[in-house]
>>> print(open('query_4.cif').read())   # mmCIF, C-alpha atoms and all ligand atoms; chains and numbers go by the auth columns
data_run
loop_
_atom_site.group_PDB
_atom_site.id
_atom_site.type_symbol
_atom_site.label_atom_id
_atom_site.label_comp_id
_atom_site.label_asym_id
_atom_site.label_seq_id
_atom_site.Cartn_x
_atom_site.Cartn_y
_atom_site.Cartn_z
_atom_site.B_iso_or_equiv
_atom_site.auth_seq_id
_atom_site.auth_asym_id
ATOM 1 C CA MET A 1 23.688 -1.497 142.512 0.00 1234 A
ATOM 2 C CA ALA A 2 22.034 -1.729 145.890 0.00 1235 A
ATOM 3 C CA SER A 3 18.453 -0.563 145.902 0.00 1236 A
ATOM 4 C CA PHE A 4 17.439 2.566 147.733 0.00 1237 A
ATOM 5 C CA THR A 5 15.472 2.117 150.887 0.00 1238 A
ATOM 6 C CA ILE A 6 14.327 4.853 153.180 0.00 1239 A
ATOM 7 C CA GLU A 7 15.612 2.950 156.207 0.00 1240 A
ATOM 8 C CA LYS A 8 19.116 2.674 154.720 0.00 1241 A
ATOM 9 C CA PHE A 9 19.130 6.347 153.833 0.00 1242 A
ATOM 10 C CA GLN A 10 17.973 7.510 157.257 0.00 1243 A
ATOM 11 C CA ASP A 11 20.637 5.328 158.833 0.00 1244 A
ATOM 12 C CA LEU A 12 23.301 6.835 156.550 0.00 1245 A
ATOM 13 C CA VAL A 13 22.359 10.401 157.509 0.00 1246 A
ATOM 14 C CA GLU A 14 22.329 9.414 161.162 0.00 1247 A
ATOM 15 C CA ARG A 15 25.785 7.828 161.033 0.00 1248 A
ATOM 16 C CA LEU A 16 27.652 10.029 158.534 0.00 1249 A
ATOM 17 C CA GLY A 17 25.815 13.338 158.647 0.00 1250 A
ATOM 18 C CA TYR A 18 26.615 16.421 160.640 0.00 1251 A
ATOM 19 C CA THR A 19 24.531 17.477 163.599 0.00 1252 A
ATOM 20 C CA ILE A 20 22.659 20.577 162.466 0.00 1253 A
ATOM 21 C CA TYR A 21 20.644 23.225 164.273 0.00 1254 A
ATOM 22 C CA TYR A 22 17.834 24.023 161.913 0.00 1255 A
ATOM 23 C CA GLN A 23 15.617 27.131 162.033 0.00 1256 A
ATOM 24 C CA GLN A 24 12.684 27.783 159.734 0.00 1257 A
ATOM 25 C CA ALA A 25 12.466 31.215 158.139 0.00 1258 A
ATOM 26 C CA ILE A 26 9.223 33.150 158.123 0.00 1259 A
ATOM 27 C CA LYS A 27 8.694 36.335 156.155 0.00 1260 A
ATOM 28 C CA CYS A 28 8.642 39.416 158.381 0.00 1261 A
ATOM 29 C CA GLU A 29 5.564 41.596 158.768 0.00 1262 A
ATOM 30 C CA CYS A 30 7.568 44.756 157.969 0.00 1263 A
ATOM 31 C CA TYR A 31 7.506 44.335 154.146 0.00 1264 A
ATOM 32 C CA TYR A 32 6.285 47.451 152.414 0.00 1265 A
ATOM 33 C CA ASN A 33 6.302 47.789 148.591 0.00 1266 A
ATOM 34 C CA GLU A 34 8.135 44.429 148.341 0.00 1267 A
ATOM 35 C CA GLN A 35 10.974 45.735 150.546 0.00 1268 A
ATOM 36 C CA PRO A 36 11.721 44.948 154.198 0.00 1269 A
ATOM 37 C CA ARG A 37 12.258 47.974 156.432 0.00 1270 A
ATOM 38 C CA THR A 38 15.952 48.389 157.221 0.00 1271 A
ATOM 39 C CA THR A 39 15.127 49.648 160.722 0.00 1272 A
ATOM 40 C CA CYS A 40 12.834 46.695 161.578 0.00 1273 A
ATOM 41 C CA LYS A 41 13.456 45.559 165.163 0.00 1274 A
ATOM 42 C CA TYR A 42 12.416 41.990 164.376 0.00 1275 A
ATOM 43 C CA CYS A 43 14.407 41.149 161.234 0.00 1276 A
ATOM 44 C CA HIS A 44 16.938 44.039 161.063 0.00 1277 A
ATOM 45 C CA GLY A 45 16.147 44.547 157.411 0.00 1278 A
ATOM 46 C CA SER A 46 16.828 40.951 156.360 0.00 1279 A
ATOM 47 C CA GLY A 47 13.092 40.432 155.773 0.00 1280 A
ATOM 48 C CA TYR A 48 12.989 37.091 157.628 0.00 1281 A
ATOM 49 C CA ARG A 49 12.450 35.983 161.208 0.00 1282 A
ATOM 50 C CA TYR A 50 13.429 32.604 162.602 0.00 1283 A
ATOM 51 C CA LEU A 51 11.487 29.941 164.498 0.00 1284 A
ATOM 52 C CA PRO A 52 13.063 28.036 167.421 0.00 1285 A
ATOM 53 C CA ILE A 53 15.991 25.702 166.753 0.00 1286 A
ATOM 54 C CA LYS A 54 15.432 22.025 165.908 0.00 1287 A
ATOM 55 C CA LYS A 55 18.332 19.606 166.242 0.00 1288 A
ATOM 56 C CA THR A 56 18.694 17.025 163.455 0.00 1289 A
ATOM 57 C CA ASN A 57 21.251 15.556 161.018 0.00 1290 A
ATOM 58 C CA ALA A 58 22.212 16.274 157.419 0.00 1291 A
ATOM 59 C CA ILE A 59 24.830 15.171 154.922 0.00 1292 A
ATOM 60 C CA ALA A 60 26.880 17.977 153.380 0.00 1293 A
ATOM 61 C CA THR A 61 28.524 17.735 149.968 0.00 1294 A
ATOM 62 C CA THR A 62 30.591 20.159 147.921 0.00 1295 A
ATOM 63 C CA LEU A 63 29.339 22.352 145.130 0.00 1296 A
ATOM 64 C CA GLN A 64 31.207 20.158 142.655 0.00 1297 A
ATOM 65 C CA GLY A 65 28.835 17.409 143.717 0.00 1298 A
ATOM 66 C CA SER A 66 31.550 15.034 144.891 0.00 1299 A
ATOM 67 C CA ASN A 67 30.263 12.857 147.664 0.00 1300 A
ATOM 68 C CA GLU A 68 32.548 14.085 150.391 0.00 1301 A
ATOM 69 C CA LEU A 69 30.893 13.328 153.647 0.00 1302 A
ATOM 70 C CA ASN A 70 33.514 15.197 155.600 0.00 1303 A
ATOM 71 C CA ILE A 71 34.248 18.699 156.694 0.00 1304 A
ATOM 72 C CA GLN A 72 35.549 19.750 153.264 0.00 1305 A
ATOM 73 C CA GLY A 73 31.995 20.227 152.045 0.00 1306 A
ATOM 74 C CA LEU A 74 31.712 23.165 154.397 0.00 1307 A
ATOM 75 C CA ARG A 75 35.075 24.711 153.620 0.00 1308 A
ATOM 76 C CA GLU A 76 34.057 25.685 150.112 0.00 1309 A
ATOM 77 C CA PRO A 77 34.000 29.464 149.865 0.00 1310 A
ATOM 78 C CA GLY A 78 30.494 30.020 150.996 0.00 1311 A
ATOM 79 C CA THR A 79 28.412 27.376 149.255 0.00 1312 A
ATOM 80 C CA ALA A 80 27.538 23.706 149.824 0.00 1313 A
ATOM 81 C CA TYR A 81 24.760 21.189 149.296 0.00 1314 A
ATOM 82 C CA ILE A 82 22.991 19.434 152.119 0.00 1315 A
ATOM 83 C CA THR A 83 20.567 16.547 152.328 0.00 1316 A
ATOM 84 C CA PRO A 84 18.666 16.229 155.605 0.00 1317 A
ATOM 85 C CA LYS A 85 16.573 13.293 156.805 0.00 1318 A
ATOM 86 C CA ILE A 86 13.451 12.542 154.739 0.00 1319 A
ATOM 87 C CA GLU A 87 10.956 14.119 157.135 0.00 1320 A
ATOM 88 C CA ILE A 88 12.698 17.522 157.118 0.00 1321 A
ATOM 89 C CA VAL A 89 11.343 19.823 154.426 0.00 1322 A
ATOM 90 C CA MET A 90 13.382 22.992 154.183 0.00 1323 A
ATOM 91 C CA GLY A 91 12.310 26.296 152.690 0.00 1324 A
ATOM 92 C CA TYR A 92 13.950 29.340 151.153 0.00 1325 A
ATOM 93 C CA ARG A 93 16.088 31.291 153.671 0.00 1326 A
ATOM 94 C CA ASP A 94 15.877 28.637 156.407 0.00 1327 A
ATOM 95 C CA ARG A 95 18.973 28.774 158.627 0.00 1328 A
ATOM 96 C CA ILE A 96 21.345 25.865 159.260 0.00 1329 A
ATOM 97 C CA ILE A 97 24.075 26.014 161.899 0.00 1330 A
ATOM 98 C CA PHE A 98 26.784 23.354 162.158 0.00 1331 A
ATOM 99 C CA PRO A 99 27.673 23.230 165.887 0.00 1332 A
ATOM 100 C CA GLU A 100 30.405 20.607 165.408 0.00 1333 A
ATOM 101 C CA VAL A 101 32.265 22.684 162.832 0.00 1334 A
ATOM 102 C CA GLU A 102 34.469 25.631 163.712 0.00 1335 A
ATOM 103 C CA SER A 103 34.992 28.535 161.370 0.00 1336 A
ATOM 104 C CA LYS A 104 37.116 31.626 161.718 0.00 1337 A
ATOM 105 C CA TYR A 105 35.385 34.978 161.843 0.00 1338 A
ATOM 106 C CA SER A 106 36.670 38.542 162.135 0.00 1339 A
ATOM 107 C CA GLN A 107 34.786 41.729 162.969 0.00 1340 A
ATOM 108 C CA THR A 108 35.069 44.894 165.048 0.00 1341 A
ATOM 109 C CA VAL A 109 33.207 45.563 168.299 0.00 1342 A
ATOM 110 C CA ASP A 110 32.757 48.676 170.430 0.00 1343 A
ATOM 111 C CA MET A 111 34.133 48.960 173.933 0.00 1344 A
ATOM 112 C CA LEU A 112 31.360 49.833 176.397 0.00 1345 A
ATOM 113 C CA GLU A 113 31.878 50.432 180.161 0.00 1346 A
ATOM 114 C CA ASN A 114 33.419 47.074 181.139 0.00 1347 A
ATOM 115 C CA SER A 115 32.393 44.852 178.246 0.00 1348 A
ATOM 116 C CA THR A 116 32.231 44.894 174.466 0.00 1349 A
ATOM 117 C CA SER A 117 29.160 45.344 172.291 0.00 1350 A
ATOM 118 C CA ASN A 118 27.626 42.084 171.025 0.00 1351 A
ATOM 119 C CA PHE A 119 29.479 39.917 168.534 0.00 1352 A
ATOM 120 C CA TYR A 120 27.638 38.839 165.369 0.00 1353 A
ATOM 121 C CA ARG A 121 28.240 35.162 166.208 0.00 1354 A
ATOM 122 C CA GLU A 122 28.550 32.948 169.217 0.00 1355 A
ATOM 123 C CA ILE A 123 32.176 32.973 170.405 0.00 1356 A
ATOM 124 C CA LYS A 124 33.693 29.487 170.611 0.00 1357 A
ATOM 125 C CA ARG A 125 37.270 30.662 171.139 0.00 1358 A
ATOM 126 C CA VAL A 126 38.945 34.054 170.916 0.00 1359 A
ATOM 127 C CA LEU A 127 42.073 34.009 168.767 0.00 1360 A
ATOM 128 C CA PHE A 128 43.185 37.622 168.815 0.00 1361 A
ATOM 129 C CA ILE A 129 42.027 41.006 170.150 0.00 1362 A
ATOM 130 C CA LEU A 130 43.745 44.133 168.971 0.00 1363 A
ATOM 131 C CA GLN A 131 43.250 47.824 169.747 0.00 1364 A
ATOM 132 C CA GLY A 132 45.898 50.070 168.218 0.00 1365 A
ATOM 133 C CA ASP A 133 49.140 48.221 168.991 0.00 1366 A
ATOM 134 C CA HIS A 134 47.823 46.668 172.173 0.00 1367 A
ATOM 135 C CA VAL A 135 47.018 42.943 172.246 0.00 1368 A
ATOM 136 C CA TYR A 136 44.616 41.729 174.960 0.00 1369 A
ATOM 137 C CA GLU A 137 44.751 38.239 176.389 0.00 1370 A
ATOM 138 C CA GLU A 138 41.998 35.910 177.506 0.00 1371 A
ATOM 139 C CA GLY A 139 42.190 35.041 181.203 0.00 1372 A
ATOM 140 C CA ILE A 140 44.420 38.040 181.931 0.00 1373 A
ATOM 141 C CA ASP A 141 42.542 40.965 180.394 0.00 1374 A
ATOM 142 C CA PHE A 142 39.112 39.573 179.606 0.00 1375 A
ATOM 143 C CA LYS A 143 36.756 36.588 179.779 0.00 1376 A
ATOM 144 C CA ILE A 144 33.931 35.465 177.465 0.00 1377 A
ATOM 145 C CA SER A 145 30.428 36.406 178.713 0.00 1378 A
ATOM 146 C CA GLU A 146 28.013 33.708 179.854 0.00 1379 A
ATOM 147 C CA ASP A 147 25.877 33.904 176.688 0.00 1380 A
ATOM 148 C CA ARG A 148 29.130 33.804 174.631 0.00 1381 A
ATOM 149 C CA TYR A 149 28.241 36.910 172.611 0.00 1382 A
ATOM 150 C CA SER A 150 30.527 39.501 174.242 0.00 1383 A
ATOM 151 C CA LEU A 151 33.745 39.914 176.225 0.00 1384 A
ATOM 152 C CA ILE A 152 34.008 41.184 179.787 0.00 1385 A
ATOM 153 C CA PHE A 153 37.205 43.020 180.654 0.00 1386 A
ATOM 154 C CA THR A 154 38.557 42.231 184.095 0.00 1387 A
ATOM 155 C CA SER A 155 41.944 43.992 184.202 0.00 1388 A
ATOM 156 C CA ALA A 156 42.468 47.642 185.146 0.00 1389 A
ATOM 157 C CA ASP A 157 44.305 48.096 181.855 0.00 1390 A
ATOM 158 C CA LYS A 158 41.189 47.781 179.712 0.00 1391 A
ATOM 159 C CA PRO A 159 40.423 49.562 176.419 0.00 1392 A
ATOM 160 C CA LYS A 160 38.840 53.007 176.764 0.00 1393 A
ATOM 161 C CA LYS A 161 35.062 53.280 176.486 0.00 1394 A
ATOM 162 C CA GLY A 162 34.049 54.112 172.913 0.00 1395 A
ATOM 163 C CA THR A 163 37.130 52.604 171.241 0.00 1396 A
ATOM 164 C CA LYS A 164 36.864 50.005 168.507 0.00 1397 A
ATOM 165 C CA LEU A 165 38.458 46.584 168.922 0.00 1398 A
ATOM 166 C CA SER A 166 39.509 44.236 166.112 0.00 1399 A
ATOM 167 C CA VAL A 167 38.588 40.673 167.004 0.00 1400 A
ATOM 168 C CA LEU A 168 39.378 37.332 165.434 0.00 1401 A
ATOM 169 C CA TYR A 169 37.511 34.340 166.824 0.00 1402 A
ATOM 170 C CA MET A 170 36.211 30.857 166.147 0.00 1403 A
ATOM 171 C CA THR A 171 32.474 30.320 165.769 0.00 1404 A
ATOM 172 C CA SER A 172 30.027 27.801 164.230 0.00 1405 A
ATOM 173 C CA PRO A 173 29.297 28.528 160.576 0.00 1406 A
ATOM 174 C CA SER A 174 25.725 29.378 159.745 0.00 1407 A
ATOM 175 C CA TYR A 175 24.164 28.972 156.313 0.00 1408 A
ATOM 176 C CA LEU A 176 20.915 29.938 154.603 0.00 1409 A
ATOM 177 C CA VAL A 177 18.954 27.798 152.143 0.00 1410 A
ATOM 178 C CA MET A 178 19.198 29.529 148.765 0.00 1411 A
ATOM 179 C CA ASP A 179 17.766 26.920 146.417 0.00 1412 A
ATOM 180 C CA LEU A 180 15.580 23.858 146.647 0.00 1413 A
ATOM 181 C CA ILE A 181 16.894 21.152 144.381 0.00 1414 A
ATOM 182 C CA HIS A 182 14.905 18.023 143.554 0.00 1415 A
ATOM 183 C CA GLU A 183 12.050 19.291 145.627 0.00 1416 A
ATOM 184 C CA LEU A 184 9.565 17.099 143.830 0.00 1417 A
ATOM 185 C CA ARG A 185 11.530 13.880 143.903 0.00 1418 A
ATOM 186 C CA SER A 186 9.647 10.714 144.545 0.00 1419 A
ATOM 187 C CA THR A 187 9.743 7.166 143.263 0.00 1420 A
ATOM 188 C CA LYS A 188 7.182 4.462 142.454 0.00 1421 A
ATOM 189 C CA VAL A 189 7.788 1.512 144.693 0.00 1422 A
ATOM 190 C CA ASP A 190 6.247 -1.783 143.714 0.00 1423 A
ATOM 191 C CA LYS A 191 8.894 -4.383 144.378 0.00 1424 A
ATOM 192 C CA ASP A 192 7.741 -6.872 147.019 0.00 1425 A
ATOM 193 C CA SER A 193 4.778 -4.758 147.997 0.00 1426 A
ATOM 194 C CA VAL A 194 1.188 -5.703 147.544 0.00 1427 A
ATOM 195 C CA LYS A 195 0.178 -2.360 146.053 0.00 1428 A
ATOM 196 C CA PRO A 196 2.582 0.017 144.250 0.00 1429 A
ATOM 197 C CA TYR A 197 2.955 3.322 146.108 0.00 1430 A
ATOM 198 C CA THR A 198 4.908 6.539 145.722 0.00 1431 A
ATOM 199 C CA ALA A 199 7.762 7.013 148.158 0.00 1432 A
ATOM 200 C CA LYS A 200 9.361 10.328 148.887 0.00 1433 A
ATOM 201 C CA LEU A 201 13.079 10.598 148.079 0.00 1434 A
ATOM 202 C CA PRO A 202 15.616 12.705 149.984 0.00 1435 A
ATOM 203 C CA ASN A 203 15.717 16.389 149.131 0.00 1436 A
ATOM 204 C CA GLN A 204 18.863 18.319 148.403 0.00 1437 A
ATOM 205 C CA TYR A 205 19.346 22.001 149.171 0.00 1438 A
ATOM 206 C CA LEU A 206 21.863 24.611 148.087 0.00 1439 A
ATOM 207 C CA ILE A 207 23.080 26.530 151.116 0.00 1440 A
ATOM 208 C CA LYS A 208 25.172 29.678 151.337 0.00 1441 A
ATOM 209 C CA ARG A 209 27.208 31.119 154.215 0.00 1442 A
ATOM 210 C CA GLU A 210 25.049 33.662 155.975 0.00 1443 A
ATOM 211 C CA ASP A 211 27.711 36.391 156.070 0.00 1444 A
ATOM 212 C CA PHE A 212 27.976 36.165 152.263 0.00 1445 A
ATOM 213 C CA VAL A 213 24.235 36.667 151.956 0.00 1446 A
ATOM 214 C CA TYR A 214 23.940 39.583 154.374 0.00 1447 A
ATOM 215 C CA ASN A 215 27.399 41.072 153.917 0.00 1448 A
ATOM 216 C CA ASN A 216 28.231 40.989 157.645 0.00 1449 A
ATOM 217 C CA THR A 217 25.954 43.811 158.619 0.00 1450 A
ATOM 218 C CA ILE A 218 22.447 42.529 159.140 0.00 1451 A
ATOM 219 C CA ASN A 219 22.632 39.368 161.211 0.00 1452 A
ATOM 220 C CA GLU A 220 23.513 41.141 164.404 0.00 1453 A
ATOM 221 C CA LYS A 221 22.144 40.018 167.723 0.00 1454 A
ATOM 222 C CA ILE A 222 18.799 41.547 168.657 0.00 1455 A
ATOM 223 C CA PRO A 223 19.406 45.144 169.850 0.00 1456 A
ATOM 224 C CA SER A 224 18.595 46.063 173.427 0.00 1457 A
ATOM 225 C CA ILE A 225 15.204 47.501 174.378 0.00 1458 A
ATOM 226 C CA LEU A 226 16.950 50.859 174.802 0.00 1459 A
ATOM 227 C CA GLU A 227 18.128 50.885 171.202 0.00 1460 A
ATOM 228 C CA VAL A 228 14.644 49.973 169.987 0.00 1461 A
ATOM 229 C CA GLU A 229 13.131 52.748 172.113 0.00 1462 A
ATOM 230 C CA ARG A 230 15.666 55.254 170.773 0.00 1463 A
ATOM 231 C CA GLU A 231 14.837 54.219 167.217 0.00 1464 A
ATOM 232 C CA LYS A 232 11.096 54.656 167.840 0.00 1465 A
ATOM 233 C CA GLU A 233 11.718 58.116 169.302 0.00 1466 A
ATOM 234 C CA LEU A 234 13.740 59.118 166.220 0.00 1467 A
ATOM 235 C CA GLU A 235 11.001 57.891 163.891 0.00 1468 A
ATOM 236 C CA ARG A 236 8.374 59.770 165.887 0.00 1469 A
ATOM 237 C CA ARG A 237 10.388 63.002 165.661 0.00 1470 A
ATOM 238 C CA LYS A 238 10.948 62.561 161.944 0.00 1471 A
ATOM 239 C CA ALA A 239 7.218 62.083 161.403 0.00 1472 A
ATOM 240 C CA GLU A 240 6.516 65.223 163.447 0.00 1473 A
ATOM 241 C CA GLU A 241 8.989 67.243 161.396 0.00 1474 A
ATOM 242 C CA GLU A 242 7.325 66.103 158.201 0.00 1475 A
ATOM 243 C CA MET A 243 3.934 67.113 159.554 0.00 1476 A
ATOM 244 C CA CYS A 244 5.287 70.572 160.363 0.00 1477 A
ATOM 245 C CA ARG A 245 6.585 70.943 156.811 0.00 1478 A
ATOM 246 C CA PHE A 246 3.099 70.243 155.479 0.00 1479 A
ATOM 247 C CA ASP A 247 1.672 72.925 157.765 0.00 1480 A
ATOM 248 C CA GLU A 248 3.947 75.632 156.377 0.00 1481 A
HETATM 249 ZN ZN ZN B . 11.182 42.994 159.560 0.00 1501 A
#
>>> encode(input="query_4.cif", output="structure tokens")
Amino acid sequence: MASFTIEKFQDLVERLGYTIYYQQAIKCECYYNEQPRTTCKYCHGSGYRYLPIKKTNAIATTLQGSNELNIQGLREPGTAYITPKIEIVMGYRDRIIFPEVESKYSQTVDMLENSTSNFYREIKRVLFILQGDHVYEEGIDFKISEDRYSLIFTSADKPKKGTKLSVLYMTSPSYLVMDLIHELRSTKVDKDSVKPYTAKLPNQYLIKREDFVYNNTINEKIPSILEVEREKELERRKAEEEMCRFDE
């Protein structure tokens, strides 16, 4: 058996791993009595906020533990293992996006004036848009917005404002770290070295598809300032009403 060296491992991840966009999770300030606030404008009730994206590599394997270094590891229904490069230490709820992988995603969106409400995920390709029995076509009826999170309707024959559209599209799968496996792995190295020392070994993490964690409802794009303002106004009124009740 060939001996493990950090250099060999790093090289393996570089050559055979997926490109990943990695975001560290940080617990949101809205926690009250161990529960995040469902109306929180920062985390939308998920309880976690995310730091800016870092681009790196990781090897993905299936839940069965077979060493498949291909796309199959990510096609498991919702769960996979990943091993990033040695220097990356992941934490609970960190987010991992696989930009090279496409996954199919379906949801409904609302028709606004000329565009749709925001999609949950970045749109790579639109497969199908349906409203009642009417099918809309890319390039003829609509185009994808610049930020790739909504559709802009260009034809006169667009869906009515306020209607719901069924959409099927391709996006990049996003996962959350659910378990830290072998977090404390290290090895004593003394072969050929003057002094024995402890070397860190690669860490493995259990990741789960984000839509399975949040059940499709929470990981929406950040709401507009207007929505946040409206929410604040509602909260203020509710508080006022409660005050009045105490006065009676
Ligand atoms: Zn929050």
>>> atom_distance(input="query_4.cif", atom1="atom CA of A:Ala1472", atom2="atom CA of A:Arg1270")
15.8 Å
>>> atom_distance(input="query_4.cif", atom1="atom CA of A:Gly1278", atom2="atom CA of A:Thr1404")
23.2 Å
>>> residues_around(input="query_4.cif", residues="stretch 1407-1415 of chain A", least_positions_apart="3", cutoff="8 Å", atoms="only C-alpha atoms", output="JSON, numbers by chain")
{"A": [1323, 1324, 1325, 1326, 1327, 1328, 1329, 1330, 1331, 1418, 1436, 1437, 1438, 1439, 1440, 1441, 1442, 1443, 1446]}
>>> residues_near_ligand(input="query_4.cif", ligand="ligand ZN 1501 (chain A)", cutoff="10 Å", atoms="only C-alpha atoms and all ligand atoms", output="PDB file with C-alpha atoms, in the frame of the given file")
ATOM      1  CA  LYS A1260       8.694  36.335 156.155  1.00  0.00           C
ATOM      2  CA  CYS A1261       8.642  39.416 158.381  1.00  0.00           C
ATOM      3  CA  GLU A1262       5.564  41.596 158.768  1.00  0.00           C
ATOM      4  CA  CYS A1263       7.568  44.756 157.969  1.00  0.00           C
ATOM      5  CA  TYR A1264       7.506  44.335 154.146  1.00  0.00           C
ATOM      6  CA  TYR A1265       6.285  47.451 152.414  1.00  0.00           C
ATOM      7  CA  GLN A1268      10.974  45.735 150.546  1.00  0.00           C
ATOM      8  CA  PRO A1269      11.721  44.948 154.198  1.00  0.00           C
ATOM      9  CA  ARG A1270      12.258  47.974 156.432  1.00  0.00           C
ATOM     10  CA  THR A1271      15.952  48.389 157.221  1.00  0.00           C
ATOM     11  CA  THR A1272      15.127  49.648 160.722  1.00  0.00           C
ATOM     12  CA  CYS A1273      12.834  46.695 161.578  1.00  0.00           C
ATOM     13  CA  LYS A1274      13.456  45.559 165.163  1.00  0.00           C
ATOM     14  CA  TYR A1275      12.416  41.990 164.376  1.00  0.00           C
ATOM     15  CA  CYS A1276      14.407  41.149 161.234  1.00  0.00           C
ATOM     16  CA  HIS A1277      16.938  44.039 161.063  1.00  0.00           C
ATOM     17  CA  GLY A1278      16.147  44.547 157.411  1.00  0.00           C
ATOM     18  CA  SER A1279      16.828  40.951 156.360  1.00  0.00           C
ATOM     19  CA  GLY A1280      13.092  40.432 155.773  1.00  0.00           C
ATOM     20  CA  TYR A1281      12.989  37.091 157.628  1.00  0.00           C
ATOM     21  CA  ARG A1282      12.450  35.983 161.208  1.00  0.00           C
TER      22      ARG A1282
END
>>> residues_around(input="query_4.cif", residues="A:Val1334", least_positions_apart="2", cutoff="10 Å", atoms="all atoms listed in the file", output="PyMOL selection string")
chain A and resi 1251-1253+1304+1307-1308+1330-1332+1336+1403-1407
>>> write_last_selection(input="query_4.cif", atoms="C-alpha atoms", output="PDB file, keeping the file's coordinate frame")
ATOM      1  CA  TYR A1251      26.615  16.421 160.640  1.00  0.00           C
ATOM      2  CA  THR A1252      24.531  17.477 163.599  1.00  0.00           C
ATOM      3  CA  ILE A1253      22.659  20.577 162.466  1.00  0.00           C
ATOM      4  CA  ILE A1304      34.248  18.699 156.694  1.00  0.00           C
ATOM      5  CA  LEU A1307      31.712  23.165 154.397  1.00  0.00           C
ATOM      6  CA  ARG A1308      35.075  24.711 153.620  1.00  0.00           C
ATOM      7  CA  ILE A1330      24.075  26.014 161.899  1.00  0.00           C
ATOM      8  CA  PHE A1331      26.784  23.354 162.158  1.00  0.00           C
ATOM      9  CA  PRO A1332      27.673  23.230 165.887  1.00  0.00           C
ATOM     10  CA  SER A1336      34.992  28.535 161.370  1.00  0.00           C
ATOM     11  CA  MET A1403      36.211  30.857 166.147  1.00  0.00           C
ATOM     12  CA  THR A1404      32.474  30.320 165.769  1.00  0.00           C
ATOM     13  CA  SER A1405      30.027  27.801 164.230  1.00  0.00           C
ATOM     14  CA  PRO A1406      29.297  28.528 160.576  1.00  0.00           C
ATOM     15  CA  SER A1407      25.725  29.378 159.745  1.00  0.00           C
TER      16      SER A1407
END
>>> residues_around(input="query_4.cif", residues="A:Glu1379", least_positions_apart="4", cutoff="12 Å", atoms="all atoms listed in the file", output="ChimeraX atom specification")
/A:1355-1357,1383-1385
>>> atom_distance(input="query_4.cif", atom1="atom CA of A:Gly1395", atom2="atom CA of A:Thr1349")
9.5 Å
>>> residues_around(input="query_4.cif", residues="A:Ala1291", least_positions_apart="2", cutoff="7 Å", atoms="only C-alpha atoms", output="count of residues only")
10
>>> closest_residue(input="query_4.cif", among="A:Lys1391, A:Arg1470, A:Lys1288, A:Lys1241", to="A:Glu1346", atoms="all atoms listed in the file")
A:Lys1391
>>> resolve_selection(input="query_4.cif", expression="the PyMOL selection byres (((chain A and resi 1359-1362) around 9) and not hetatm)", output="PyMOL selection string")
chain A and resi 1337+1356-1358+1363-1364+1367-1371+1377+1398-1403
>>> write_last_selection(input="query_4.cif", atoms="C-alpha atoms", output="short mmCIF file (atom, residue, chain, number, x, y, z; two decimals), in the coordinates of the input")
data_model
loop_
_atom_site.label_atom_id
_atom_site.label_comp_id
_atom_site.auth_asym_id
_atom_site.auth_seq_id
_atom_site.Cartn_x
_atom_site.Cartn_y
_atom_site.Cartn_z
CA LYS A 1337 37.12 31.63 161.72
CA ILE A 1356 32.18 32.97 170.40
CA LYS A 1357 33.69 29.49 170.61
CA ARG A 1358 37.27 30.66 171.14
CA LEU A 1363 43.74 44.13 168.97
CA GLN A 1364 43.25 47.82 169.75
CA HIS A 1367 47.82 46.67 172.17
CA VAL A 1368 47.02 42.94 172.25
CA TYR A 1369 44.62 41.73 174.96
CA GLU A 1370 44.75 38.24 176.39
CA GLU A 1371 42.00 35.91 177.51
CA ILE A 1377 33.93 35.47 177.46
CA LEU A 1398 38.46 46.58 168.92
CA SER A 1399 39.51 44.24 166.11
CA VAL A 1400 38.59 40.67 167.00
CA LEU A 1401 39.38 37.33 165.43
CA TYR A 1402 37.51 34.34 166.82
CA MET A 1403 36.21 30.86 166.15
#
>>> closest_residue(input="query_4.cif", among="A:Tyr1283, A:Ile1319, A:Tyr1314, A:Asp1374", to="A:Gln1243", atoms="all atoms listed in the file")
A:Ile1319
>>> axis_aligned_box(input="query_4.cif", around="stretch 1466-1470 of chain A", padding_each_side="6 Å", output="AutoDock Vina command-line options")
--center_x 11.1 --center_y 60.4 --center_z 166.6 --size_x 17.4 --size_y 17.1 --size_z 17.4
>>> resolve_selection(input="query_4.cif", expression="the PyMOL selection byres (((chain A and resi 1342) around 6) and not hetatm)", output="MDAnalysis selection string")
chainID A and resid 1341 1343 1350 1397:1398
